[in-house]
Every structure is written in C-alpha cells, then in structure tokens.
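Next up, model_33.cif (mmCIF, C-alpha atoms and all ligand atoms):
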```cif
data_model
loop_
_atom_site.label_atom_id
_atom_site.label_comp_id
_atom_site.auth_asym_id
_atom_site.auth_seq_id
_atom_site.Cartn_x
_atom_site.Cartn_y
_atom_site.Cartn_z
CA SER A 1 151.13 104.37 252.19
CA ILE A 2 149.47 103.78 248.85
CA PRO A 3 147.64 106.86 247.51
CA SER A 4 143.97 106.54 246.62
CA ILE A 5 143.08 105.82 243.03
CA GLN A 6 141.26 109.15 242.69
CA GLU A 7 144.31 111.06 243.92
CA VAL A 8 146.60 109.36 241.46
CA ASP A 9 144.13 109.66 238.57
CA CYS A 10 143.74 113.39 239.08
CA LYS A 11 147.47 113.88 239.41
CA TYR A 12 148.14 112.10 236.12
CA LYS A 13 145.49 113.69 233.93
CA SER A 14 147.40 116.96 233.84
CA ILE A 15 150.87 115.38 233.55
CA ILE A 16 149.77 113.43 230.46
CA LEU A 17 149.08 116.64 228.54
CA THR A 18 152.80 117.39 228.66
CA PHE A 19 153.77 114.08 226.98
CA GLU A 20 154.71 114.07 223.32
CA LYS A 21 151.66 113.47 221.17
CA ARG A 22 150.90 111.82 217.81
CA ALA A 23 147.62 111.63 215.95
CA GLY A 24 147.75 107.86 215.68
CA TRP A 25 145.60 105.82 213.34
CA LEU A 26 142.21 106.71 214.67
CA THR A 27 140.23 109.89 214.59
CA THR A 28 139.01 109.09 218.09
CA SER A 29 142.24 108.56 220.01
CA SER A 30 145.76 109.96 219.91
CA LEU A 31 148.97 108.42 221.15
CA ARG A 32 151.17 109.86 223.89
CA ASN A 33 154.74 108.93 224.57
CA TYR A 34 155.18 107.48 228.02
CA LYS A 35 158.59 106.12 229.03
CA GLY A 36 159.51 105.63 225.39
CA PHE A 37 156.31 103.84 224.33
CA TRP A 38 153.33 105.18 222.36
CA LEU A 39 150.27 104.52 224.46
CA PRO A 40 146.66 105.36 223.58
CA GLU A 41 145.89 108.61 225.34
CA GLY A 42 142.67 107.29 226.81
CA LEU A 43 144.51 104.43 228.50
CA LEU A 44 147.22 106.54 230.08
CA PRO A 45 145.70 107.84 233.30
CA GLY A 46 144.48 104.31 234.07
CA THR A 47 147.84 102.83 233.16
CA MET A 48 149.63 105.21 235.49
CA VAL A 49 147.17 104.51 238.28
CA MET A 50 147.72 100.81 237.74
CA GLU A 51 151.48 101.25 237.73
CA GLU A 52 151.34 102.98 241.07
CA THR A 53 148.59 101.13 242.92
CA PHE A 54 148.17 97.61 241.51
CA GLN A 55 148.74 94.86 244.07
CA SER A 56 149.37 91.35 242.86
CA HIS A 57 147.89 88.35 244.64
CA PRO A 58 149.78 85.13 245.25
CA GLY A 59 149.03 82.84 242.33
CA ASP A 60 148.36 85.60 239.78
CA VAL A 61 149.30 84.66 236.23
CA ILE A 62 150.05 87.45 233.74
CA VAL A 63 149.37 87.05 230.02
CA ALA A 64 151.33 89.75 228.20
CA SER A 65 151.69 90.59 224.53
CA PHE A 66 152.12 93.24 221.93
CA PRO A 67 148.72 93.78 220.21
CA LYS A 68 147.97 91.44 217.29
CA SER A 69 150.56 88.89 218.31
CA GLY A 70 148.28 86.07 219.43
CA THR A 71 146.80 87.56 222.60
CA THR A 72 143.33 86.12 222.10
CA TRP A 73 144.68 82.64 221.53
CA LEU A 74 147.06 82.75 224.50
CA LYS A 75 144.27 83.98 226.78
CA ALA A 76 142.00 81.14 225.68
CA LEU A 77 144.76 78.57 226.17
CA THR A 78 145.90 79.84 229.56
CA PHE A 79 142.34 80.05 230.88
CA THR A 80 141.49 76.56 229.64
CA ILE A 81 144.70 74.99 230.96
CA LEU A 82 144.63 76.62 234.39
CA HIS A 83 140.93 75.99 235.01
CA ARG A 84 140.72 72.54 233.42
CA ASN A 85 139.56 70.88 236.63
CA LYS A 86 136.86 73.47 237.14
CA TYR A 87 135.26 73.55 233.69
CA ALA A 88 134.53 70.63 231.41
CA LEU A 89 135.12 71.47 227.77
CA SER A 90 131.51 70.52 226.97
CA SER A 91 130.10 73.33 229.14
CA HIS A 92 133.01 75.73 229.13
CA PRO A 93 132.81 79.53 229.65
CA LEU A 94 134.70 80.03 226.37
CA LEU A 95 131.74 78.56 224.50
CA LYS A 96 129.73 81.62 225.56
CA LEU A 97 132.37 84.28 226.19
CA ASN A 98 135.11 85.80 224.08
CA PRO A 99 138.60 85.07 225.50
CA HIS A 100 138.98 88.79 226.31
CA ASP A 101 135.90 88.57 228.52
CA CYS A 102 137.45 85.69 230.46
CA VAL A 103 140.84 87.43 230.69
CA ARG A 104 140.48 91.18 230.48
CA ILE A 105 143.15 93.73 229.66
CA THR A 106 144.13 94.96 233.10
CA GLU A 107 144.99 98.53 232.07
CA HIS A 108 141.53 98.78 230.47
CA SER A 109 139.93 97.94 233.78
CA TYR A 110 141.83 100.85 235.33
CA ALA A 111 141.16 103.18 232.41
CA THR A 112 137.43 102.57 232.74
CA GLN A 113 137.62 102.90 236.52
CA ASP A 114 136.53 99.32 236.87
CA GLU A 115 139.61 98.09 238.73
CA GLN A 116 137.43 96.69 241.51
CA TYR A 117 136.55 93.99 239.00
CA LEU A 118 140.03 92.56 239.54
CA GLU A 119 139.24 91.93 243.19
CA THR A 120 136.18 89.90 242.26
CA LEU A 121 138.16 87.40 240.18
CA PRO A 122 138.55 83.96 241.74
CA SER A 123 142.07 82.87 242.57
CA PRO A 124 144.31 82.15 240.76
CA ARG A 125 143.64 85.23 238.65
CA ILE A 126 144.71 85.46 235.03
CA LEU A 127 145.46 89.06 234.12
CA GLY A 128 145.99 90.28 230.59
CA THR A 129 148.18 93.22 229.61
CA HIS A 130 149.72 94.90 226.59
CA LEU A 131 152.00 97.02 228.76
CA PRO A 132 155.74 96.85 228.15
CA TYR A 133 157.76 95.18 230.89
CA SER A 134 159.17 98.52 232.05
CA ILE A 135 155.66 99.91 232.68
CA LEU A 136 154.40 96.88 234.62
CA PRO A 137 153.56 97.64 238.25
CA GLU A 138 156.43 96.81 240.57
CA SER A 139 154.13 94.49 242.45
CA ILE A 140 154.08 92.22 239.39
CA THR A 141 157.79 92.30 238.65
CA THR A 142 159.00 91.98 242.25
CA SER A 143 156.49 89.35 243.34
CA ARG A 144 157.63 87.25 240.41
CA CYS A 145 154.14 86.41 239.19
CA PRO A 146 154.58 84.08 236.24
CA ILE A 147 154.38 86.12 233.04
CA ILE A 148 153.56 84.41 229.75
CA TYR A 149 154.55 86.59 226.83
CA ILE A 150 153.75 85.94 223.18
CA CYS A 151 155.42 87.70 220.26
CA ARG A 152 154.86 87.56 216.53
CA GLU A 153 156.89 88.44 213.47
CA PRO A 154 156.44 92.22 212.95
CA LYS A 155 155.43 92.02 209.26
CA ASP A 156 152.44 89.88 210.21
CA VAL A 157 151.69 92.11 213.20
CA ILE A 158 151.32 95.23 211.08
CA VAL A 159 149.12 93.43 208.55
CA SER A 160 146.92 92.03 211.30
CA LEU A 161 146.64 95.41 212.99
CA TRP A 162 145.85 97.16 209.75
CA HIS A 163 142.95 94.83 209.05
CA MET A 164 141.53 95.25 212.51
CA ILE A 165 141.83 99.00 212.66
CA THR A 166 140.19 99.57 209.27
CA ARG A 167 137.08 98.07 210.84
CA TYR A 168 137.00 100.47 213.80
CA GLU A 169 134.36 103.16 213.83
CA GLY A 170 136.91 105.92 214.35
CA PHE A 171 139.12 104.74 211.52
CA ASN A 172 140.42 107.52 209.35
CA LYS A 173 139.32 106.39 205.89
CA SER A 174 142.06 108.31 204.13
CA PHE A 175 144.68 106.20 205.82
CA PRO A 176 146.27 103.76 203.37
CA PHE A 177 148.26 100.68 204.38
CA THR A 178 151.45 102.34 203.13
CA LYS A 179 151.02 105.15 205.65
CA ALA A 180 150.25 102.73 208.47
CA PHE A 181 153.36 100.81 207.47
CA GLU A 182 155.54 103.93 207.70
CA LEU A 183 154.18 104.77 211.14
CA PHE A 184 154.75 101.20 212.27
CA CYS A 185 158.36 101.44 211.07
CA ASP A 186 158.68 104.60 213.17
CA GLY A 187 157.33 102.71 216.18
CA GLU A 188 154.16 104.76 216.19
CA MET A 189 151.43 102.31 216.95
CA PRO A 190 149.66 101.55 220.21
CA PHE A 191 152.24 100.10 222.65
CA GLY A 192 155.01 100.53 220.05
CA PRO A 193 157.79 100.42 219.15
CA VAL A 194 157.26 96.70 218.75
CA TRP A 195 161.01 95.95 218.99
CA ASP A 196 161.41 97.61 222.38
CA HIS A 197 158.35 95.77 223.65
CA VAL A 198 159.70 92.39 222.57
CA SER A 199 163.29 92.96 223.60
CA GLU A 200 162.36 94.13 227.11
CA TYR A 201 160.41 90.94 227.79
CA TYR A 202 163.03 88.83 226.06
CA MET A 203 165.99 90.25 227.96
CA ASN A 204 164.16 90.04 231.27
CA SER A 205 163.21 86.44 230.52
CA LEU A 206 166.93 85.58 230.38
CA HIS A 207 167.52 86.81 233.90
CA PRO A 208 168.22 83.88 236.28
CA CYS A 209 165.41 84.82 238.69
CA ALA A 210 162.93 85.71 235.95
CA LYS A 211 159.60 84.01 235.69
CA ILE A 212 158.79 84.81 232.09
CA LEU A 213 157.76 82.22 229.54
CA PHE A 214 158.62 83.68 226.16
CA LEU A 215 156.53 82.25 223.31
CA LYS A 216 156.53 82.85 219.58
CA TYR A 217 153.25 82.79 217.64
CA GLU A 218 154.90 80.98 214.76
CA GLU A 219 156.26 78.21 217.01
CA MET A 220 152.90 77.83 218.70
CA MET A 221 151.28 77.43 215.28
CA LYS A 222 153.83 74.80 214.28
CA ASP A 223 153.56 72.76 217.46
CA PRO A 224 150.64 73.81 219.63
CA VAL A 225 150.76 70.59 221.70
CA ASN A 226 154.25 71.42 222.84
CA GLY A 227 153.18 75.03 223.50
CA VAL A 228 150.27 73.92 225.68
CA MET A 229 152.53 71.58 227.68
CA LYS A 230 155.03 74.41 228.18
CA VAL A 231 152.35 76.80 229.45
CA ALA A 232 150.96 74.17 231.83
CA ASN A 233 154.40 73.36 233.25
CA PHE A 234 155.25 77.01 233.59
CA ILE A 235 152.15 78.00 235.55
CA GLY A 236 152.56 75.04 237.86
CA CYS A 237 149.80 72.75 236.63
CA PRO A 238 151.58 70.22 234.41
CA PHE A 239 149.49 67.56 232.67
CA SER A 240 149.47 64.20 234.43
CA GLU A 241 150.47 61.02 232.61
CA GLU A 242 146.83 60.09 232.58
CA GLU A 243 145.67 63.40 231.11
CA ILE A 244 148.30 63.03 228.40
CA LYS A 245 147.31 59.42 227.72
CA ASN A 246 143.66 60.45 227.48
CA GLY A 247 144.50 63.06 224.86
CA LEU A 248 143.52 66.08 226.95
CA VAL A 249 146.37 68.20 225.59
CA GLU A 250 145.20 67.65 222.01
CA GLU A 251 141.62 68.32 223.08
CA ILE A 252 142.60 71.70 224.56
CA VAL A 253 144.57 72.56 221.42
CA GLU A 254 141.51 71.77 219.33
CA PHE A 255 139.14 73.58 221.70
CA CYS A 256 141.19 76.81 221.49
CA SER A 257 141.99 76.52 217.81
CA PHE A 258 141.27 79.38 215.46
CA ASN A 259 138.57 77.53 213.53
CA LYS A 260 136.78 76.34 216.64
CA LEU A 261 136.73 79.75 218.37
CA LYS A 262 135.97 81.69 215.20
CA ASP A 263 132.85 79.62 214.55
CA LEU A 264 131.28 80.18 217.95
CA ASP A 265 128.26 82.51 217.91
CA VAL A 266 129.79 84.73 220.58
CA ASN A 267 132.81 85.37 218.38
CA LYS A 268 130.86 86.09 215.22
CA THR A 269 129.35 89.43 216.12
CA SER A 270 129.00 90.65 219.67
CA GLY A 271 131.52 92.81 221.46
CA LYS A 272 131.88 96.07 223.29
CA GLY A 273 133.02 99.42 221.95
CA ASN A 274 135.40 99.57 219.05
CA VAL A 275 136.47 95.96 218.93
CA GLN A 276 133.79 93.54 217.82
CA ASN A 277 134.63 89.96 218.66
CA ASP A 278 134.83 88.88 215.03
CA TYR A 279 137.65 91.40 214.36
CA LEU A 280 139.87 89.23 216.54
CA PHE A 281 139.58 86.20 214.28
CA ARG A 282 140.72 87.05 210.78
CA LYS A 283 142.93 84.51 209.03
CA ALA A 284 145.57 83.23 211.46
CA VAL A 285 148.14 82.49 208.80
CA VAL A 286 151.88 82.80 209.27
CA GLY A 287 153.39 84.95 206.50
CA ASP A 288 150.20 86.68 205.34
CA TRP A 289 152.32 89.83 204.97
CA GLN A 290 153.29 88.50 201.54
CA ASN A 291 149.81 89.39 200.32
CA HIS A 292 150.11 93.00 201.47
CA MET A 293 153.68 94.21 201.15
CA THR A 294 156.00 94.82 198.26
CA PRO A 295 159.38 93.06 198.54
CA GLU A 296 160.92 96.52 199.17
CA MET A 297 158.65 97.14 202.13
CA ALA A 298 159.47 93.72 203.55
CA ILE A 299 163.20 94.33 203.21
CA LYS A 300 162.89 97.73 204.85
CA LEU A 301 161.00 96.35 207.85
CA ASP A 302 163.31 93.33 208.15
CA ASN A 303 166.32 95.64 208.22
CA ILE A 304 164.80 97.81 210.93
CA THR A 305 163.95 94.70 212.94
CA LYS A 306 167.48 93.36 212.60
CA GLU A 307 169.01 96.64 213.62
CA LYS A 308 166.67 97.30 216.55
CA LEU A 309 167.03 93.83 218.00
CA HIS A 310 170.74 93.46 217.40
CA ASN A 311 171.76 94.32 220.96
CA SER A 312 169.18 92.08 222.60
CA GLY A 313 170.33 88.97 220.73
CA PHE A 314 166.71 88.17 219.96
CA THR A 315 165.62 86.95 216.54
CA TYR A 316 162.15 85.98 215.37
P1 LIG A 401 145.51 87.66 211.67
O1 LIG A 401 144.99 89.05 211.62
O2 LIG A 401 146.84 87.52 211.00
O3 LIG A 401 144.53 86.65 211.21
P2 LIG A 401 145.54 89.32 218.94
O4 LIG A 401 144.73 88.23 219.57
O5 LIG A 401 146.80 89.61 219.68
O6 LIG A 401 144.72 90.52 218.66
O7 LIG A 401 146.06 88.74 217.55
C1 LIG A 401 145.14 88.54 216.52
C2 LIG A 401 145.71 87.55 215.52
O8 LIG A 401 145.66 86.23 216.08
C3 LIG A 401 144.88 87.53 214.26
O9 LIG A 401 145.80 87.28 213.21
C4 LIG A 401 143.94 86.37 214.53
O10 LIG A 401 143.36 85.83 213.39
C5 LIG A 401 144.86 85.39 215.24
N1 LIG A 401 144.14 84.43 216.09
C6 LIG A 401 143.02 84.63 216.81
N2 LIG A 401 142.65 83.52 217.44
C7 LIG A 401 143.55 82.57 217.14
C8 LIG A 401 143.71 81.19 217.49
N3 LIG A 401 142.83 80.59 218.28
N4 LIG A 401 144.77 80.54 217.00
C9 LIG A 401 145.65 81.14 216.19
N5 LIG A 401 145.56 82.44 215.83
C10 LIG A 401 144.53 83.15 216.28
#
```

Please re-express this file's structure in structure tokens.
Amino acid sequence: SIPSIQEVDCKYKSIILTFEKRAGWLTTSSLRNYKGFWLPEGLLPGTMVMEETFQSHPGDVIVASFPKSGTTWLKALTFTILHRNKYALSSHPLLKLNPHDCVRITEHSYATQDEQYLETLPSPRILGTHLPYSILPESITTSRCPIIYICREPKDVIVSLWHMITRYEGFNKSFPFTKAFELFCDGEMPFGPVWDHVSEYYMNSLHPCAKILFLKYEEMMKDPVNGVMKVANFIGCPFSEEEIKNGLVEEIVEFCSFNKLKDLDVNKTSGKGNVQNDYLFRKAVVGDWQNHMTPEMAIKLDNITKEKLHNSGFTY
C-alpha cells in the first residue's frame, strides 16, 4: 500500500540531512546531492514524497527540462496546442497568466504541500518538472506518459541562469559570474550536472518503447513551426489539414513567441516568491554567451561538455 504523504515527508526530512551539501548560489537555499544530482534543499522532501507517492493519470503529459533551457516557452506551447479547442487565442488563459501558472512545477507543488492541486487539474493534465529522468516517479516512467524534454546549449544556460539568479532576493552579492561559471562546470547548480540531466533523457528517448520527445531550444528557435507540429503529433493532437491551411500553427507560434509573452502585463511584474515573472523573459538569443565569457571559458566548458556527453552519443 502507498504510505501517506505525511509519513513519507517526515521520514525524508531526517534522511536529507545526511546528504552531501553545498552552499549553492543563494544565501537562502543550499543544495543537497540526491542520486547524483544537486537539488535545492527546500525541494527535497517534496521531491522524495513525489517520487514515492505520485500517481499518473491516463492522458498526463509531462513537460521536462533543465532550468533555463526554454521551460517557459515549452509550457506555453504545450498548453496552447493541447487546449486549442477549449480556448480561443483572443481570450486565452495565457493572456492573463504566466505559463508557469498554467503548468506548474510538480515537485514545487509537493514541496509546498499543495499536491492536492494536481488532482484539481482537468484532464488531460500537463505537468511540469525539472527532475532528472532517474528521479521521476515510477508511475510516470512505467505508465509511459508522453514526456516532452527541452535542452539548451550549456554556455547559454549558465548565462541565462546567472542573469536570473542575480535578481533573486537571496542572491549573494559577492558572487561574480566567474565563480558561478566554475560551479556550473563542477555540476553544482540546481538540478545539475546539466550533462547528466540531458544524457539521461536523451538515452531514454532512444529506447524503442520510450515516449520522450527530445527537443533542442536552438532548433525550436530556428524552426518553431516544425517544433509546434512535432509537439502536437507527439501528444496525440496533430493539426488537421484545415487548421494548417488556416494558419493556426503560425498563429500559435506567434502567440507563444518571446516578444508577445514578454509584453503582456502579467509577465512584466507580478509573480510569487523569488521568481518574478519578468525574470523569465530576458533576451531569448542563441549564443548570448559570447557577451559574457572569455574564449578560454568557452573552450573549457565545451571540452567538459564533449567529455561528459561522449558516452551518450549526444551532441548539442
Ligand atoms: P535568456 O536568459 O537567454 O534570455 P526557462 O524558461 O527554462 O527558465 O528559460 C528561460 C530562457 O528562455 C530565457 O533565456 C528566456 O528569455 C527564454 N524565453 C522565455 N520565453 C521564451 C519564448 N517564448 N521563446 C523563446 N525563448 C524564451
């Protein structure tokens, strides 16, 4: 039988204290090593409760990513594509809500003891997660819920993360980019190491019975129409000939585009806790790392990436 959430939560709070610890980037939250990944300490009891108790529903769609890899965009796209018969673009929830309010981070719901929220979602549910594949609840991996995963070139990930974190309240002001870069290279960022995160999803996506759509931020930026069609096909709601002829795919691309979402009032200021909605919309440029890294830093990170991903066969 499945243990109660309170039982599991209590059990884990003490176990977590034995996990290897790092200060992390924030004065307000440390990282703990769980199954080889650095997870924010505050998320861990909830994550472990989720791992042990989460039950998937038929039809669930999982949107997974490493932080700062295009999560917000993928959530907006998936929500808009899946619910396109329910919501007209002219009066759409995303005009009033940030994508993370439409598709929440599932482990956050558990960490804030708000997991009942998941049961209130209409079917089919779209569930967000930053968890690595190996920490996903078995109910997700064995029920073969479709998982859409988005990755992004690590040099742009660290730059994007750096910009966001410097805006957090608990940001340690004496924390230069060069130090953040070193920690990133050591895998020490929330949900890191980035290479293990990516290669787990990538290798599992190659499995013949896998149901993982593996997307790259850079490819989505180059050809978002193709990306939107792929997502729709993958989650079982392909666009009809008529929808395509009427330009609906292009309309959805435009509706979820960076400039469109960034300019909405809801995404200019409001937000809960550390992350204000406007932090999630910065620049959305491929290769912005060139404005922040020396060539030596770039070479160092590229070499680590090459070495770490060598065995998986994955390249960005
Ligand atoms: P930059 O910091 O490089 O601008 P995440 O959503 O995983 O936190 O990733 C955030 C990154 O995605 C940020 O990158 C952000 O600007 C970019 N982004 C947000 N919305 C986007 C959209 N609709 N289209 C493309 N990129 C977007």

Within 6 Å of ligand LIG 401 (chain A), counting all atoms listed in the file, which protein or nucleic acid residues do you find, written as number ranges by chain? A: 67-73, 160, 256-258, 280-285

Please provide the set of residues having any atom within 7 Å of stretch 15-23 of chain A, restricted to only C-alpha atoms, with same-chain residues fewer than 3 positions apart removed, written as number ranges by chain. A: 11-12, 30-34

So how many Å separate atom CA of A:Gln6 and atom CA of A:Glu51, to one decimal? 13.8 Å

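Comparing the minimum interatomic distances between A:Glu182 and each of A:Ile304, A:Met229, A:Val49, A:Leu26, counting only C-alpha atoms, we find that A:Ile304 sits nearest.
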
Find the spatial neighbours of stretch 124-132 of chain A, counting all atoms listed in the file, within a cut-off of 10 Å - ignore same-chain residues fewer than 2 positions away - and output them as number ranges by chain. A: 35-37, 39, 47, 51, 56-67, 71-72, 74-75, 78-79, 82-83, 100, 102-108, 118-122, 134-137, 147-149, 190-194, 196-201

Proximity of stretch 141-178 of chain A to stretch 210-221 of chain A: per-residue shortest pair, 8 Å limit, all atoms listed in the file, as a tab-separated table:
```
residue	atom	partner	partner_atom	distance
A:Arg144	CA	A:Lys211	CA	6.1
A:Cys145	CA	A:Lys211	CA	6.9
A:Pro146	CA	A:Lys211	CA	5.1
A:Ile147	CA	A:Ile212	CA	4.7
A:Ile148	CA	A:Leu213	CA	4.7
A:Tyr149	CA	A:Phe214	CA	5.0
A:Ile150	CA	A:Leu215	CA	4.6
A:Cys151	CA	A:Lys216	CA	5.0
A:Arg152	CA	A:Tyr217	CA	5.2
A:Glu153	CA	A:Glu218	CA	7.8
```

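Restricting the calculation to all atoms listed in the file, the smallest distance between A:Trp38 and any of A:Met164, A:Leu95, A:Met189, A:Leu264 is found for A:Met189.
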
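If only C-alpha atoms are the atoms counted, then among A:Ile140, A:Leu206, A:Ala232, A:Met50 the closest residue to A:Leu77 is A:Ala232.
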
Kindly complete stretch 234-260 of chain A to N, CA and C atoms; the output should be written as a short mmCIF file (atom, residue, chain, number, x, y, z; two decimals), in the frame of the given file.
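Saved the output as part.cif:
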```cif
data_model
loop_
_atom_site.label_atom_id
_atom_site.label_comp_id
_atom_site.auth_asym_id
_atom_site.auth_seq_id
_atom_site.Cartn_x
_atom_site.Cartn_y
_atom_site.Cartn_z
N PHE A 234 154.78 75.72 233.10
CA PHE A 234 155.25 77.01 233.59
C PHE A 234 154.35 77.57 234.68
N ILE A 235 153.04 77.42 234.54
CA ILE A 235 152.15 78.00 235.55
C ILE A 235 151.86 77.01 236.67
N GLY A 236 152.62 75.94 236.71
CA GLY A 236 152.56 75.04 237.86
C GLY A 236 151.38 74.08 237.86
N CYS A 237 150.84 73.79 236.68
CA CYS A 237 149.80 72.75 236.63
C CYS A 237 150.07 71.82 235.45
N PRO A 238 151.21 71.10 235.52
CA PRO A 238 151.58 70.22 234.41
C PRO A 238 150.53 69.12 234.19
N PHE A 239 150.43 68.65 232.97
CA PHE A 239 149.49 67.56 232.67
C PHE A 239 150.00 66.26 233.28
N SER A 240 149.09 65.50 233.87
CA SER A 240 149.47 64.20 234.43
C SER A 240 149.63 63.20 233.29
N GLU A 241 150.30 62.10 233.62
CA GLU A 241 150.47 61.02 232.61
C GLU A 241 149.11 60.61 232.07
N GLU A 242 148.16 60.55 232.99
CA GLU A 242 146.83 60.09 232.58
C GLU A 242 146.15 61.08 231.64
N GLU A 243 146.26 62.37 231.99
CA GLU A 243 145.67 63.40 231.11
C GLU A 243 146.30 63.32 229.71
N ILE A 244 147.61 63.11 229.69
CA ILE A 244 148.30 63.03 228.40
C ILE A 244 147.82 61.79 227.63
N LYS A 245 147.74 60.67 228.36
CA LYS A 245 147.31 59.42 227.72
C LYS A 245 145.89 59.55 227.18
N ASN A 246 145.05 60.30 227.92
CA ASN A 246 143.66 60.45 227.48
C ASN A 246 143.47 61.50 226.38
N GLY A 247 144.58 62.11 225.98
CA GLY A 247 144.50 63.06 224.86
C GLY A 247 143.98 64.43 225.24
N LEU A 248 144.06 64.78 226.53
CA LEU A 248 143.52 66.08 226.95
C LEU A 248 144.28 67.25 226.32
N VAL A 249 145.58 67.10 226.16
CA VAL A 249 146.37 68.20 225.59
C VAL A 249 145.87 68.51 224.17
N GLU A 250 145.69 67.46 223.39
CA GLU A 250 145.20 67.65 222.01
C GLU A 250 143.79 68.24 222.02
N GLU A 251 143.00 67.80 223.00
CA GLU A 251 141.62 68.32 223.08
C GLU A 251 141.62 69.82 223.35
N ILE A 252 142.52 70.26 224.23
CA ILE A 252 142.60 71.70 224.56
C ILE A 252 143.10 72.48 223.34
N VAL A 253 144.07 71.91 222.65
CA VAL A 253 144.57 72.56 221.42
C VAL A 253 143.42 72.76 220.44
N GLU A 254 142.63 71.72 220.26
CA GLU A 254 141.51 71.77 219.33
C GLU A 254 140.44 72.76 219.81
N PHE A 255 140.17 72.72 221.11
CA PHE A 255 139.14 73.58 221.70
C PHE A 255 139.49 75.06 221.51
N CYS A 256 140.76 75.41 221.60
CA CYS A 256 141.19 76.81 221.49
C CYS A 256 141.67 77.15 220.09
N SER A 257 141.47 76.26 219.15
CA SER A 257 141.99 76.52 217.81
C SER A 257 141.22 77.64 217.14
N PHE A 258 141.86 78.25 216.19
CA PHE A 258 141.27 79.38 215.46
C PHE A 258 139.90 79.02 214.88
N ASN A 259 139.83 77.89 214.18
CA ASN A 259 138.57 77.53 213.53
C ASN A 259 137.45 77.28 214.52
N LYS A 260 137.80 76.65 215.63
CA LYS A 260 136.78 76.34 216.64
C LYS A 260 136.25 77.64 217.27
#
```
